[in-house]
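K.L.:
This structure is in C-alpha cells; I'll ask about it shortly.
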Amino acid sequence: MTKAMTEPASPKEAEDTQRMLEDIVERAKSAFEEKNLRFTQLREQVFCEIASIRGSIGAYDILEKLAEKGTRLAPISVYRSIDALMEAGVIHRLESKNAFFACRRHEHGKKGRPIFMSCEQCGSVVEVPAQGIFDEVKELADSVDFTPKVKFIEVSGVCASCRDKAKS
Ligand SMILES: [Zn+2]
Ligand SMILES: [Zn+2]
C-alpha cells in the first residue's frame with residue numbers, strides 16, 4: 001500500500017472515514033464484551049491501525065505506524081494484540097500475504113464462514129459467505145480420511161473499482 005491511496009481526497013471524505021472508523025471500533029468493543037475479552041488501549045490502537053486502511057497490513061507495518069505516532073512497542077506486544085483481535089473475530093489474517101484486515105461483515109454466525117476475495121491491485125478484501133464450500137472441503141477430506149485445517153479460503157483477483165479504473 002502506498003500512502004497516497006490511504007490519504008482521503010477531501011475533508012468530507014476524511015470525515016466519512018473518521019465516522020466509519022468510530023463505528024467499526026464501537027462494534028469491535030462489543031465483540032470483545034460478548035466474548036468476555038478485554039479491549040485494552042493497546043488492542044484498540046492496533047485495531048485502529050488495521051481498520052483505518054482499505055486493504056491489509058502486516059505486523060511490522062503496524063509497529064512502524066504506531067512508532068511514528070510515538071508508541072514504541074516490542075513486536076511481541078503487537079503479536080499478542082493481533083492474536084486477541086483474531087480471537088474476538090474483529091480482524092482476519094490473509095495467509096497469502098501474512099497480513100491482517102478488519103472484519104467488515106458482522107453476521108458470520110448466521111451466514112456461515114466467508115471466503116476472502118482479495119484485490120491484487122488495491123489490496124481491498126471482500127468477505128463472501130460460503131459455508132457450502134467449507135462443507136464440501138470437509139466432505140472431500142472425510143472421503144480420503146484426511147483431517148483438514150483450512151480456516152479460510154482466499155481468492156485473489158481484481159475488484160470492481162480497479163477493473164473500472166483500468167478501463168477508463
Ligand atoms: Zn469477517
Ligand atoms: Zn482493487
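Scheme for the C-alpha cells: letters A, B, ... for chains in order shown; per-chain residue numbers from 1; ligand numbers from 1 in order shown.
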Would you mind listing the residues within 7 Å of ligand 2, counting only C-alpha atoms and all ligand atoms, as a ChimeraX atom specification?
P.N.:
/A:119-124,158-162
K.L.:
Taking only residues of chain A that have an atom at most 6 Å from an atom of ligand 1, what is each one's shortest atom pair and its distance in Å to one decimal, using only C-alpha atoms and all ligand atoms, in chain and number order, as a tab-separated table?
P.N.:
```
residue	atom	partner	partner_atom_place_in_ligand_line	distance
A:Cys103	CA	ligand 1	1 (Zn)	3.8
A:Arg104	CA	ligand 1	1 (Zn)	5.8
A:Arg105	CA	ligand 1	1 (Zn)	5.1
```
K.L.:
Restricting the calculation to only C-alpha atoms: of A:Thr147, A:Ser30, A:Ser156, A:Thr17, which residue gets closest to A:Ala88?
P.N.:
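Answer, going by the shortest atom-to-atom distance: A:Ser30.
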K.L.:
As a short mmCIF file (atom, residue, chain, number, x, y, z; two decimals) with N, CA and C atoms, in the first residue's frame, please: the residues near stretch 128-139 of chain A (cut-off 7 Å, only C-alpha atoms, same-chain neighbours under 2 positions excluded).
P.N.:
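Final file, result_32.cif:
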```cif
data_model
loop_
_atom_site.label_atom_id
_atom_site.label_comp_id
_atom_site.auth_asym_id
_atom_site.auth_seq_id
_atom_site.Cartn_x
_atom_site.Cartn_y
_atom_site.Cartn_z
N LYS A 111 -24.61 -16.47 8.54
CA LYS A 111 -24.49 -16.86 7.14
C LYS A 111 -23.36 -17.83 6.86
N GLY A 112 -22.66 -18.22 7.89
CA GLY A 112 -21.59 -19.19 7.68
C GLY A 112 -20.26 -18.52 7.40
N ARG A 113 -19.25 -19.35 7.29
CA ARG A 113 -17.91 -18.80 7.14
C ARG A 113 -17.70 -18.18 5.77
N PRO A 114 -16.92 -17.09 5.74
CA PRO A 114 -16.70 -16.42 4.48
C PRO A 114 -15.43 -16.88 3.77
N ILE A 115 -15.42 -16.71 2.45
CA ILE A 115 -14.15 -16.77 1.75
C ILE A 115 -13.73 -15.32 1.49
N PHE A 116 -12.44 -15.11 1.30
CA PHE A 116 -11.91 -13.76 1.13
C PHE A 116 -11.57 -13.53 -0.34
N VAL A 126 -12.90 -8.44 0.24
CA VAL A 126 -14.33 -8.59 0.45
C VAL A 126 -14.58 -9.98 1.01
N ALA A 141 -12.41 -34.20 2.32
CA ALA A 141 -11.34 -34.64 3.22
C ALA A 141 -11.75 -35.94 3.92
N ASP A 142 -13.01 -35.97 4.37
CA ASP A 142 -13.51 -37.20 5.02
C ASP A 142 -13.38 -38.40 4.10
N SER A 143 -13.67 -38.15 2.81
CA SER A 143 -13.69 -39.26 1.86
C SER A 143 -12.30 -39.88 1.68
N PRO A 148 -8.71 -31.87 7.69
CA PRO A 148 -8.35 -30.56 7.13
C PRO A 148 -8.22 -29.51 8.22
#
```
K.L.:
Please identify all polymer residues within 7 Å of stretch 18-28 of chain A, counting only C-alpha atoms, omitting same-chain residues fewer than 4 positions from it, and present them as a list in words.
P.N.:
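Listing them by chain and then by number gives Ala14, Phe32, Ala51, Ser52 and Val90 of chain A.
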K.L.:
Give the answer as one residue: which of A:Ile91, A:Ala102, A:Ile53, A:Phe47 has the shortest atom-to-atom distance to A:Val78, using only C-alpha atoms?
P.N.:
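Under the stated criterion, the closest residue is A:Phe47.
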K.L.:
Would you give me, as a list in words, the residues in stretch 6-155 of chain A that DSSP reads as strand (DSSP E)?
P.N.:
Ile91, His92, Arg93, Leu94, Ala99, Phe100, Phe101, Ala102, Pro114, Ile115, Phe116, Met117, Ser118, Cys119, Val125, Val126, Glu127, Val128, Pro129, Ile153, Glu154 and Val155 of chain A
